[in-house]
file model_1.pdb (PDB, C-alpha atoms)
ATOM      1  CA  MET A 291       0.000   0.000   0.000
ATOM      2  CA  ASP A 292       1.429   3.393  -0.977
ATOM      3  CA  ASP A 293       2.201   5.878   1.786
ATOM      4  CA  VAL A 294      -0.405   8.454   0.738
ATOM      5  CA  ARG A 295      -3.183   5.861   0.775
ATOM      6  CA  HIS A 296      -1.955   4.449   4.074
ATOM      7  CA  ARG A 297      -1.905   7.892   5.705
ATOM      8  CA  SER A 298      -5.372   8.625   4.365
ATOM      9  CA  GLN A 299      -6.689   5.471   6.054
ATOM     10  CA  LEU A 300      -4.953   6.344   9.304
ATOM     11  CA  ASP A 301      -6.461   9.827   9.194
ATOM     12  CA  TRP A 302      -9.924   8.318   8.679
ATOM     13  CA  TYR A 303      -9.565   6.073  11.737
ATOM     14  CA  ALA A 304      -8.304   9.027  13.776
ATOM     15  CA  ARG A 305     -11.639  10.808  13.265
ATOM     16  CA  HIS A 306     -14.886  10.178  15.099
ATOM     17  CA  ALA A 307     -18.064   8.704  13.686
ATOM     18  CA  PRO A 308     -21.397   9.138  15.535
ATOM     19  CA  MET A 309     -20.841   6.060  17.730
ATOM     20  CA  THR A 310     -17.566   7.353  19.186
ATOM     21  CA  SER A 311     -18.224  11.099  19.221
ATOM     22  CA  LEU A 312     -18.193  12.510  22.756
ATOM     23  CA  GLY A 313     -20.297  15.599  22.111
ATOM     24  CA  GLU A 314     -20.364  17.928  25.095
ATOM     25  CA  HIS A 315     -18.208  15.501  27.085
ATOM     26  CA  ALA A 316     -15.197  16.022  24.796
ATOM     27  CA  ALA A 317     -13.651  18.834  26.802
ATOM     28  CA  ALA A 318     -14.068  17.011  30.115
ATOM     29  CA  ALA A 319     -12.583  13.823  28.672
ATOM     30  CA  ASP A 320      -9.679  15.643  27.028
ATOM     31  CA  CYS A 321      -8.816  17.560  30.194
ATOM     32  CA  ALA A 322      -9.114  14.549  32.470
ATOM     33  CA  MET A 323      -7.100  12.236  30.203
ATOM     34  CA  ALA A 324      -4.363  14.700  29.269
ATOM     35  CA  ASP A 325      -1.756  12.664  31.159
ATOM     36  CA  SER A 326      -2.891   9.350  29.628
ATOM     37  CA  ALA A 327      -2.122   9.683  25.942
ATOM     38  CA  THR A 328      -1.158   6.066  25.189
ATOM     39  CA  ALA A 329      -3.588   3.221  24.599
ATOM     40  CA  PRO A 330      -2.423   1.190  27.649
ATOM     41  CA  ALA A 331      -2.730   4.238  29.933
ATOM     42  CA  LEU A 332      -6.196   5.049  28.611
ATOM     43  CA  ALA A 333      -7.224   1.407  29.016
ATOM     44  CA  GLU A 334      -6.328   1.605  32.697
ATOM     45  CA  ARG A 335      -8.459   4.737  33.068
ATOM     46  CA  ILE A 336     -11.417   3.022  31.397
ATOM     47  CA  GLN A 337     -11.076   0.091  33.785
ATOM     48  CA  GLY A 338     -11.932   2.592  36.515
ATOM     49  CA  MET A 339     -15.101   3.652  34.694
ATOM     50  CA  LEU A 340     -16.793   0.409  33.671
ATOM     51  CA  ILE A 341     -17.572  -2.962  35.238
ATOM     52  CA  HIS A 342     -18.409  -6.073  33.249
ATOM     53  CA  PRO A 343     -21.478  -7.744  34.791
ATOM     54  CA  PHE A 344     -19.849 -11.171  34.452
ATOM     55  CA  HIS A 345     -17.220 -10.028  36.959
ATOM     56  CA  ALA A 346     -19.251  -7.726  39.211
ATOM     57  CA  GLU A 347     -18.914 -10.073  42.179
ATOM     58  CA  ARG A 348     -15.123  -9.796  42.016
ATOM     59  CA  TYR A 349     -15.489  -6.067  42.753
ATOM     60  CA  GLY A 350     -18.184  -6.434  45.391
ATOM     61  CA  VAL A 351     -20.785  -4.726  43.208
ATOM     62  CA  PRO A 352     -24.251  -6.284  42.853
ATOM     63  CA  VAL A 353     -25.935  -6.670  39.485
ATOM     64  CA  GLY A 354     -29.077  -4.603  40.002
ATOM     65  CA  PRO A 355     -32.147  -3.281  38.192
ATOM     66  CA  ASP A 356     -30.115  -0.636  36.336
ATOM     67  CA  THR A 357     -27.622  -3.125  34.919
ATOM     68  CA  GLU A 358     -29.615  -4.123  31.841
ATOM     69  CA  ARG A 359     -30.481  -0.531  30.983
ATOM     70  CA  GLN A 360     -26.833   0.521  31.237
ATOM     71  CA  LEU A 361     -25.766  -2.343  28.980
ATOM     72  CA  GLN A 362     -28.021  -0.971  26.238
ATOM     73  CA  ASN A 363     -25.956   2.225  25.954
ATOM     74  CA  ARG A 364     -24.380   2.100  22.509
ATOM     75  CA  SER A 365     -22.405   5.303  21.986
ATOM     76  CA  ALA A 366     -19.395   6.615  23.870
ATOM     77  CA  HIS A 367     -21.415   9.755  24.582
ATOM     78  CA  GLN A 368     -24.152   7.671  26.228
ATOM     79  CA  LEU A 369     -21.578   5.801  28.302
ATOM     80  CA  LEU A 370     -20.039   8.986  29.665
ATOM     81  CA  SER A 371     -23.471  10.524  30.275
ATOM     82  CA  GLU A 372     -24.379   7.459  32.330
ATOM     83  CA  LEU A 373     -21.107   7.568  34.221
ATOM     84  CA  LEU A 374     -21.406  11.272  35.063
ATOM     85  CA  ALA A 375     -25.024  10.835  36.132
ATOM     86  CA  ILE A 376     -23.849   8.245  38.673
ATOM     87  CA  ASP A 377     -21.092  10.563  39.890
ATOM     88  CA  PRO A 378     -20.235  13.967  38.330
ATOM     89  CA  ALA A 379     -16.645  13.795  39.606
ATOM     90  CA  PRO A 380     -13.974  14.603  36.980
ATOM     91  CA  LEU A 381     -13.335  11.697  34.642
ATOM     92  CA  GLY A 382      -9.671  11.554  35.548
ATOM     93  CA  GLU A 383     -10.325  10.821  39.215
ATOM     94  CA  PRO A 384     -10.279   7.177  40.381
ATOM     95  CA  ARG A 385     -13.799   5.843  40.905
ATOM     96  CA  PRO A 386     -14.710   3.121  43.397
ATOM     97  CA  PRO A 387     -16.515   0.171  41.774
ATOM     98  CA  ALA A 388     -19.906   1.330  43.087
ATOM     99  CA  LYS A 389     -19.515   4.611  41.132
ATOM    100  CA  ARG A 390     -18.874   2.938  37.773
ATOM    101  CA  THR A 391     -21.349   1.967  35.069
ATOM    102  CA  PHE A 392     -21.887  -1.514  33.691
ATOM    103  CA  GLY A 393     -20.497  -2.394  30.290
ATOM    104  CA  ASN A 394     -19.309  -5.456  28.412
ATOM    105  CA  CYS A 395     -16.195  -6.024  26.322
ATOM    106  CA  ARG A 396     -17.660  -4.089  23.404
ATOM    107  CA  HIS A 397     -18.244  -1.040  25.648
ATOM    108  CA  PHE A 398     -14.649  -1.159  26.916
ATOM    109  CA  ALA A 399     -13.295  -1.464  23.364
ATOM    110  CA  THR A 400     -15.464   1.262  21.888
ATOM    111  CA  LEU A 401     -14.805   3.719  24.713
ATOM    112  CA  LEU A 402     -11.066   3.216  24.271
ATOM    113  CA  THR A 403     -11.490   3.704  20.534
ATOM    114  CA  SER A 404     -13.364   6.930  21.261
ATOM    115  CA  LEU A 405     -10.764   8.346  23.648
ATOM    116  CA  LEU A 406      -7.947   7.539  21.236
ATOM    117  CA  ARG A 407      -9.738   9.213  18.335
ATOM    118  CA  GLU A 408     -10.393  12.202  20.586
ATOM    119  CA  ARG A 409      -6.606  12.563  20.721
ATOM    120  CA  GLY A 410      -6.210  12.100  16.993
ATOM    121  CA  VAL A 411      -4.819   8.562  17.358
ATOM    122  CA  PRO A 412      -6.036   6.068  14.722
ATOM    123  CA  ALA A 413      -8.155   3.381  16.403
ATOM    124  CA  ARG A 414     -10.907   0.909  15.585
ATOM    125  CA  SER A 415     -12.909  -1.613  17.566
ATOM    126  CA  ARG A 416     -12.569  -5.266  16.516
ATOM    127  CA  CYS A 417     -15.067  -8.045  17.057
ATOM    128  CA  GLY A 418     -13.845 -11.614  17.315
ATOM    129  CA  PHE A 419     -12.769 -14.234  19.813
ATOM    130  CA  GLY A 420     -10.355 -14.374  22.721
ATOM    131  CA  ALA A 421      -8.196 -17.479  23.035
ATOM    132  CA  TYR A 422      -7.001 -16.590  26.549
ATOM    133  CA  PHE A 423     -10.091 -17.216  28.659
ATOM    134  CA  GLU A 424     -10.528 -21.002  28.497
ATOM    135  CA  PRO A 425      -8.103 -23.558  27.031
ATOM    136  CA  GLY A 426      -9.348 -24.939  23.732
ATOM    137  CA  LYS A 427     -12.208 -22.434  23.478
ATOM    138  CA  TYR A 428     -12.511 -19.109  21.689
ATOM    139  CA  ALA A 429     -14.811 -16.736  23.561
ATOM    140  CA  ASP A 430     -16.830 -13.975  21.964
ATOM    141  CA  HIS A 431     -14.898 -10.772  22.662
ATOM    142  CA  TRP A 432     -14.091  -7.236  21.504
ATOM    143  CA  VAL A 433     -10.796  -5.352  21.699
ATOM    144  CA  THR A 434      -9.357  -2.124  20.316
ATOM    145  CA  GLU A 435      -6.890  -2.038  17.445
ATOM    146  CA  THR A 436      -4.802   1.127  17.553
ATOM    147  CA  TRP A 437      -1.992   2.420  15.386
ATOM    148  CA  ASN A 438       1.387   2.237  17.106
ATOM    149  CA  GLU A 439       3.283   4.991  15.350
ATOM    150  CA  ALA A 440       6.620   4.141  16.969
ATOM    151  CA  ASP A 441       6.515   0.525  15.779
ATOM    152  CA  GLN A 442       4.546   1.264  12.583
ATOM    153  CA  ARG A 443       1.966  -1.426  13.305
ATOM    154  CA  TRP A 444      -1.598  -1.982  14.465
ATOM    155  CA  GLN A 445      -1.644  -3.036  18.132
ATOM    156  CA  LEU A 446      -4.447  -5.016  19.803
ATOM    157  CA  VAL A 447      -5.401  -3.726  23.271
ATOM    158  CA  ASP A 448      -7.940  -5.358  25.594
ATOM    159  CA  ALA A 449      -9.190  -2.532  27.813
ATOM    160  CA  GLN A 450     -11.421  -4.805  29.899
ATOM    161  CA  ILE A 451      -8.844  -7.010  31.611
ATOM    162  CA  ASP A 452      -7.461  -5.405  34.780
ATOM    163  CA  GLY A 453      -5.480  -7.024  37.565
ATOM    164  CA  VAL A 454      -8.590  -8.335  39.299
ATOM    165  CA  GLN A 455      -9.759 -10.201  36.204
ATOM    166  CA  ARG A 456      -6.262 -11.259  35.229
ATOM    167  CA  ASP A 457      -5.773 -12.971  38.589
ATOM    168  CA  GLY A 458      -9.317 -14.324  38.770
ATOM    169  CA  MET A 459      -9.172 -15.932  35.321
ATOM    170  CA  ASN A 460      -5.422 -16.730  35.387
ATOM    171  CA  ILE A 461      -4.800 -14.831  32.168
ATOM    172  CA  GLN A 462      -1.171 -15.146  31.092
ATOM    173  CA  VAL A 463      -0.985 -13.082  27.893
ATOM    174  CA  ASP A 464      -0.165  -9.386  27.627
ATOM    175  CA  THR A 465      -3.672  -7.984  27.170
ATOM    176  CA  LEU A 466      -2.313  -4.513  26.401
ATOM    177  CA  ASP A 467      -0.428  -5.851  23.371
ATOM    178  CA  LEU A 468      -2.158  -9.016  22.246
ATOM    179  CA  GLY A 469      -0.712 -11.395  19.710
ATOM    180  CA  ARG A 470      -2.764 -12.341  16.662
ATOM    181  CA  GLU A 471      -3.113 -15.870  18.030
ATOM    182  CA  ASP A 472      -4.410 -14.503  21.349
ATOM    183  CA  PHE A 473      -7.269 -12.582  19.776
ATOM    184  CA  TRP A 474      -8.792 -13.756  16.522
ATOM    185  CA  VAL A 475     -10.756 -11.247  14.500
ATOM    186  CA  ALA A 476     -13.982 -12.930  13.447
ATOM    187  CA  GLY A 477     -12.944 -13.427   9.834
ATOM    188  CA  GLN A 478      -9.901 -15.379  10.980
ATOM    189  CA  ALA A 479     -12.157 -17.785  12.883
ATOM    190  CA  TRP A 480     -14.513 -18.142   9.901
ATOM    191  CA  SER A 481     -11.722 -18.847   7.410
ATOM    192  CA  ARG A 482      -9.977 -21.413   9.605
ATOM    193  CA  CYS A 483     -13.247 -23.235  10.199
ATOM    194  CA  ARG A 484     -14.036 -23.179   6.480
ATOM    195  CA  ARG A 485     -10.641 -24.793   5.823
ATOM    196  CA  GLY A 486     -11.325 -27.447   8.439
ATOM    197  CA  GLU A 487      -8.519 -26.249  10.703
ATOM    198  CA  GLN A 488     -10.871 -25.418  13.598
ATOM    199  CA  LYS A 489     -14.269 -26.582  14.819
ATOM    200  CA  PRO A 490     -17.080 -23.994  14.723
ATOM    201  CA  GLU A 491     -18.510 -25.323  17.969
ATOM    202  CA  ASP A 492     -15.414 -24.056  19.796
ATOM    203  CA  PHE A 493     -16.385 -20.422  19.083
ATOM    204  CA  GLY A 494     -19.057 -18.541  21.010
ATOM    205  CA  ILE A 495     -20.176 -17.687  24.515
ATOM    206  CA  LEU A 496     -22.522 -19.010  27.221
ATOM    207  CA  ASP A 497     -24.916 -21.400  25.423
ATOM    208  CA  MET A 498     -24.310 -19.900  21.958
ATOM    209  CA  TRP A 499     -21.658 -21.590  19.816
ATOM    210  CA  GLY A 500     -21.121 -22.554  16.215
ATOM    211  CA  ARG A 501     -20.912 -21.333  12.634
ATOM    212  CA  TRP A 502     -23.864 -18.947  12.873
ATOM    213  CA  PHE A 503     -22.202 -17.151  15.787
ATOM    214  CA  ILE A 504     -18.936 -16.768  13.882
ATOM    215  CA  ARG A 505     -20.828 -15.481  10.834
ATOM    216  CA  ASP A 506     -22.616 -12.848  12.897
ATOM    217  CA  ASN A 507     -19.326 -11.655  14.378
ATOM    218  CA  VAL A 508     -17.809 -11.419  10.886
ATOM    219  CA  VAL A 509     -20.609  -8.995   9.941
ATOM    220  CA  ARG A 510     -20.214  -7.077  13.227
ATOM    221  CA  ASP A 511     -16.471  -6.773  12.699
ATOM    222  CA  LEU A 512     -16.994  -5.472   9.161
ATOM    223  CA  ALA A 513     -19.373  -2.809  10.487
ATOM    224  CA  ALA A 514     -16.891  -1.881  13.231
ATOM    225  CA  LEU A 515     -14.151  -1.458  10.616
ATOM    226  CA  CYS A 516     -16.560   0.972   8.943
ATOM    227  CA  LYS A 517     -16.880   2.785  12.287
ATOM    228  CA  VAL A 518     -20.318   1.458  13.243
ATOM    229  CA  GLU A 519     -19.740  -0.492  16.473
ATOM    230  CA  LEU A 520     -22.952  -2.308  17.437
ATOM    231  CA  LEU A 521     -23.741  -4.265  20.594
ATOM    232  CA  PRO A 522     -23.058  -8.027  20.671
ATOM    233  CA  TRP A 523     -26.795  -8.793  20.620
ATOM    234  CA  ASP A 524     -27.661  -6.396  17.791
ATOM    235  CA  ALA A 525     -28.462  -7.990  14.436
ATOM    236  CA  TRP A 526     -29.357  -6.918  10.906
ATOM    237  CA  GLY A 527     -29.202  -8.090   7.310
ATOM    238  CA  LEU A 528     -27.562 -11.454   6.781
ATOM    239  CA  MET A 529     -27.506 -12.133  10.519
ATOM    240  CA  LEU A 530     -31.282 -12.547  10.411
ATOM    241  CA  THR A 531     -31.001 -15.530   8.044
ATOM    242  CA  PRO A 532     -30.939 -18.892   9.897
ATOM    243  CA  ASP A 533     -27.579 -20.572   9.412
ATOM    244  CA  GLU A 534     -29.101 -23.665   7.810
ATOM    245  CA  GLU A 535     -30.838 -21.470   5.206
ATOM    246  CA  MET A 536     -27.694 -19.717   3.979
ATOM    247  CA  ASP A 537     -27.090 -20.429   0.306
ATOM    248  CA  ALA A 538     -23.794 -20.762  -1.543
ATOM    249  CA  GLU A 539     -23.775 -17.110  -2.616
ATOM    250  CA  GLU A 540     -24.271 -15.899   0.956
ATOM    251  CA  ILE A 541     -21.515 -18.183   2.234
ATOM    252  CA  ALA A 542     -19.224 -16.861  -0.516
ATOM    253  CA  LEU A 543     -20.070 -13.316   0.598
ATOM    254  CA  ILE A 544     -18.940 -14.083   4.168
ATOM    255  CA  ASP A 545     -15.817 -15.717   2.718
ATOM    256  CA  ARG A 546     -15.062 -12.443   0.932
ATOM    257  CA  VAL A 547     -15.700 -10.342   4.044
ATOM    258  CA  ALA A 548     -13.438 -12.653   6.059
ATOM    259  CA  GLU A 549     -10.706 -12.356   3.428
ATOM    260  CA  LEU A 550     -10.847  -8.563   3.455
ATOM    261  CA  THR A 551     -11.032  -8.126   7.217
ATOM    262  CA  THR A 552      -8.194 -10.499   8.097
ATOM    263  CA  ALA A 553      -5.629  -9.226   5.613
ATOM    264  CA  GLU A 554      -2.324  -8.232   7.192
ATOM    265  CA  VAL A 555      -2.905  -4.712   5.874
ATOM    266  CA  PRO A 556      -6.676  -4.506   5.282
ATOM    267  CA  ASP A 557      -7.778  -2.683   2.148
ATOM    268  CA  VAL A 558     -10.082  -0.218   3.904
ATOM    269  CA  ALA A 559     -11.355   1.236   0.644
ATOM    270  CA  ALA A 560     -12.473  -2.220  -0.527
ATOM    271  CA  ILE A 561     -13.987  -2.948   2.893
ATOM    272  CA  ARG A 562     -15.980   0.293   2.882
ATOM    273  CA  GLU A 563     -17.100  -0.219  -0.704
ATOM    274  CA  LEU A 564     -18.390  -3.744  -0.051
ATOM    275  CA  TYR A 565     -20.105  -2.646   3.145
ATOM    276  CA  SER A 566     -21.784   0.394   1.613
ATOM    277  CA  ARG A 567     -23.250  -1.364  -1.424
ATOM    278  CA  ASP A 568     -24.709  -4.481   0.202
ATOM    279  CA  ASP A 569     -27.712  -4.100   2.506
ATOM    280  CA  ARG A 570     -27.085  -7.597   3.875
ATOM    281  CA  LEU A 571     -23.971  -6.124   5.515
ATOM    282  CA  ARG A 572     -24.685  -2.431   6.010
ATOM    283  CA  VAL A 573     -26.212  -1.337   9.333
ATOM    284  CA  PRO A 574     -29.707   0.161   8.833
ATOM    285  CA  SER A 575     -31.261   2.830  11.044
ATOM    286  CA  THR A 576     -33.548   0.177  12.553
ATOM    287  CA  ILE A 577     -31.881  -3.021  13.753
ATOM    288  CA  VAL A 578     -33.072  -6.057  15.705
ATOM    289  CA  SER A 579     -31.843  -6.336  19.284
ATOM    290  CA  TYR A 580     -32.086  -9.710  21.026
ATOM    291  CA  ARG A 581     -31.594  -8.334  24.512
ATOM    292  CA  PRO A 582     -33.446  -8.049  26.822
ATOM    293  CA  ALA A 583     -36.076  -9.421  24.396
ATOM    294  CA  PRO A 584     -36.076  -9.706  20.584
ATOM    295  CA  GLY A 585     -37.448  -6.634  18.854
ATOM    296  CA  PRO A 586     -36.711  -3.702  16.542
ATOM    297  CA  VAL A 587     -34.605  -0.812  17.831
ATOM    298  CA  GLU A 588     -34.242   2.538  16.116
ATOM    299  CA  ILE A 589     -30.617   3.713  16.295
ATOM    300  CA  GLY A 590     -30.917   6.582  13.807
ATOM    301  CA  GLY A 591     -27.673   8.428  13.175
ATOM    302  CA  LEU A 592     -25.591   5.885  15.090
ATOM    303  CA  SER A 593     -25.840   3.683  11.982
ATOM    304  CA  GLN A 594     -23.629   6.126  10.072
ATOM    305  CA  GLY A 595     -19.912   5.457   9.848
TER     306      GLY A 595
END
call {"tool": "encode", "arguments": {"input": "model_1.pdb", "output": "C-alpha cells"}}
result
Amino acid sequence: MDDVRHRSQLDWYARHAPMTSLGEHAAAADCAMADSATAPALAERIQGMLIHPFHAERYGVPVGPDTERQLQNRSAHQLLSELLAIDPAPLGEPRPPAKRTFGNCRHFATLLTSLLRERGVPARSRCGFGAYFEPGKYADHWVTETWNEADQRWQLVDAQIDGVQRDGMNIQVDTLDLGREDFWVAGQAWSRCRRGEQKPEDFGILDMWGRWFIRDNVVRDLAALCKVELLPWDAWGLMLTPDEEMDAEEIALIDRVAELTTAEVPDVAAIRELYSRDDRLRVPSTIVSYRPAPGPVEIGGLSQG
C-alpha cells in the first residue's frame, strides 16, 4: 500500500463517527485524560469507569435493576453521560466500583477507541474471539486495534482485563499488546473453520456456539471497521437468516468479508465499498436487538460510519 493511501486510512480512523463522538463531554474527557495519551494508559483509566457484569462479584458490586439498561448504551457519549449521572466527579479521578457503570467487552473497546480518536490517534474496535479465557475455546470478545506509530503497526489492546480479572481468570498473555493468536478477529475464525482447521462449535459464549455465531461476528467486525460499532446482541441483514438457510452465494459473501477483514494490511477502501453497497452487511437505522427481548430498535444516526 502506498504511503499516501496508508496515511489517508490512518487519518480516517483518527476521526470520530457518531458512535464514538463525545459531544459535550469532549472537553471534560480531554482535560481529564491529558496525562494518559497512550492506549495502555487510557485502558487503565477506562477500567476505573466500567464494570463487566460477568465479573461484578469480584469487585463487590451487585448486578441490580439498572444493569440491563446501562448495557443498552451504545455510543461513547451515552456511556459517559451514564457515568457522570452516577457521579459527576472529573473523569480523571479514580472511581470506586460502586460509582462505575456496567459495560461489556464491546463497551470497553469502543470507549477506548473513542478516547484515542479524541486525541487524533487512529483506532478501531474489533469483534472476534479471545483465546485466553478457556483452554481450547474461543470466547466472543471485543478489543481495540490502535496504530502504534513508533513501531509502525496496528496493536491489539484489551481494555477490559485489569489485575482483578487477570488474577481471577489466570490470564497469562499481555492484554495490552495481544498477539494475533491470542485474539482472533472474526474473519480469521470463519476462514480457519471453512478450511477445516478449527471446529465452529469451539467459538461462542454461554450457550451460543457454532458457525452462525462466527458469521454474525464477521458482519459485526466489518461494520466496526466501517466505524459502526454495534452491541453483541444487535443484528441486521444477513444475521437474520438462519444458518441452515444460507445459500452458496451468501456463504461466498462471508468468505469475501473474512478475506478482506483479516488481511495483514486490510484494504479499507475495498472494505468500505463492499459494506456500503450491500444491505445484507450495512447497518440500517432500525436493527433487531435480542436483549433483553427480541425486537426492533431505532438507532438513527448511530448507523452512520
call {"tool": "closest_residue", "arguments": {"input": "model_1.pdb", "among": "A:Gly527, A:Pro330, A:Pro556, A:Gly354", "to": "A:Leu466", "atoms": "all atoms listed in the file"}}
result
A:Pro330
call {"tool": "residues_around", "arguments": {"input": "model_1.pdb", "residues": "stretch 462-464 of chain A", "least_positions_apart": "3", "cutoff": "10 Å", "atoms": "all atoms listed in the file", "output": "PyMOL selection string"}}
result
chain A and resi 421-423+446-448+451+456-457+459+467-469+472
call {"tool": "resolve_selection", "arguments": {"input": "model_1.pdb", "expression": "the PyMOL selection byres ((chain A and resi 310) around 6)", "output": "list in words"}}
result
His306, Ala307, Pro308, Met309, Ser311, Ser365, Ala366 and Ser404 of chain A
call {"tool": "residues_around", "arguments": {"input": "model_1.pdb", "residues": "stretch 528-543 of chain A", "least_positions_apart": "4", "cutoff": "8 Å", "atoms": "all atoms listed in the file", "output": "list in words"}}
result
Arg501, Trp502, Arg505, Asp506, Val509, Val547, Arg570 and Leu571 of chain A
call {"tool": "resolve_selection", "arguments": {"input": "model_1.pdb", "expression": "the PyMOL selection byres ((chain A and resi 339) around 7)", "output": "list in words"}}
result
Arg335, Ile336, Gln337, Gly338, Leu340, Arg385, Arg390 and Thr391 of chain A
call {"tool": "residues_around", "arguments": {"input": "model_1.pdb", "residues": "A:Trp474", "least_positions_apart": "3", "cutoff": "12 Å", "atoms": "all atoms listed in the file", "output": "ChimeraX atom specification"}}
result
/A:416-422,427-433,435,446,468-471,477-482,493,504,507-508,511,548,551-552
call {"tool": "write_last_selection", "arguments": {"input": "model_1.pdb", "atoms": "C-alpha atoms", "output": "short mmCIF file (atom, residue, chain, number, x, y, z; two decimals), in the frame of the given file"}}
result
data_model
loop_
_atom_site.label_atom_id
_atom_site.label_comp_id
_atom_site.auth_asym_id
_atom_site.auth_seq_id
_atom_site.Cartn_x
_atom_site.Cartn_y
_atom_site.Cartn_z
CA ARG A 416 -12.57 -5.27 16.52
CA CYS A 417 -15.07 -8.04 17.06
CA GLY A 418 -13.84 -11.61 17.32
CA PHE A 419 -12.77 -14.23 19.81
CA GLY A 420 -10.36 -14.37 22.72
CA ALA A 421 -8.20 -17.48 23.04
CA TYR A 422 -7.00 -16.59 26.55
CA LYS A 427 -12.21 -22.43 23.48
CA TYR A 428 -12.51 -19.11 21.69
CA ALA A 429 -14.81 -16.74 23.56
CA ASP A 430 -16.83 -13.98 21.96
CA HIS A 431 -14.90 -10.77 22.66
CA TRP A 432 -14.09 -7.24 21.50
CA VAL A 433 -10.80 -5.35 21.70
CA GLU A 435 -6.89 -2.04 17.44
CA LEU A 446 -4.45 -5.02 19.80
CA LEU A 468 -2.16 -9.02 22.25
CA GLY A 469 -0.71 -11.40 19.71
CA ARG A 470 -2.76 -12.34 16.66
CA GLU A 471 -3.11 -15.87 18.03
CA GLY A 477 -12.94 -13.43 9.83
CA GLN A 478 -9.90 -15.38 10.98
CA ALA A 479 -12.16 -17.78 12.88
CA TRP A 480 -14.51 -18.14 9.90
CA SER A 481 -11.72 -18.85 7.41
CA ARG A 482 -9.98 -21.41 9.60
CA PHE A 493 -16.39 -20.42 19.08
CA ILE A 504 -18.94 -16.77 13.88
CA ASN A 507 -19.33 -11.66 14.38
CA VAL A 508 -17.81 -11.42 10.89
CA ASP A 511 -16.47 -6.77 12.70
CA ALA A 548 -13.44 -12.65 6.06
CA THR A 551 -11.03 -8.13 7.22
CA THR A 552 -8.19 -10.50 8.10
#
call {"tool": "residues_around", "arguments": {"input": "model_1.pdb", "residues": "A:Ala318", "least_positions_apart": "5", "cutoff": "9 Å", "atoms": "only C-alpha atoms", "output": "PyMOL selection string"}}
result
chain A and resi 323+380-382
call {"tool": "write_last_selection", "arguments": {"input": "model_1.pdb", "atoms": "C-alpha atoms", "output": "PDB file, in the frame of the given file"}}
result
ATOM      1  CA  MET A 323      -7.100  12.236  30.203  1.00  0.00           C
ATOM      2  CA  PRO A 380     -13.974  14.603  36.980  1.00  0.00           C
ATOM      3  CA  LEU A 381     -13.335  11.697  34.642  1.00  0.00           C
ATOM      4  CA  GLY A 382      -9.671  11.554  35.548  1.00  0.00           C
TER       5      GLY A 382
END
call {"tool": "atom_distance", "arguments": {"input": "model_1.pdb", "atom1": "atom CA of A:Ser593", "atom2": "atom CA of A:Arg414"}}
result
15.6 Å
call {"tool": "residues_around", "arguments": {"input": "model_1.pdb", "residues": "A:Trp302", "least_positions_apart": "6", "cutoff": "12 Å", "atoms": "only C-alpha atoms", "output": "list in words"}}
result
Arg295, His296, Arg407, Gly410, Val411, Pro412, Ala413, Arg414, Trp437, Leu515, Cys516, Lys517, Val558, Ala559, Arg562 and Gly595 of chain A
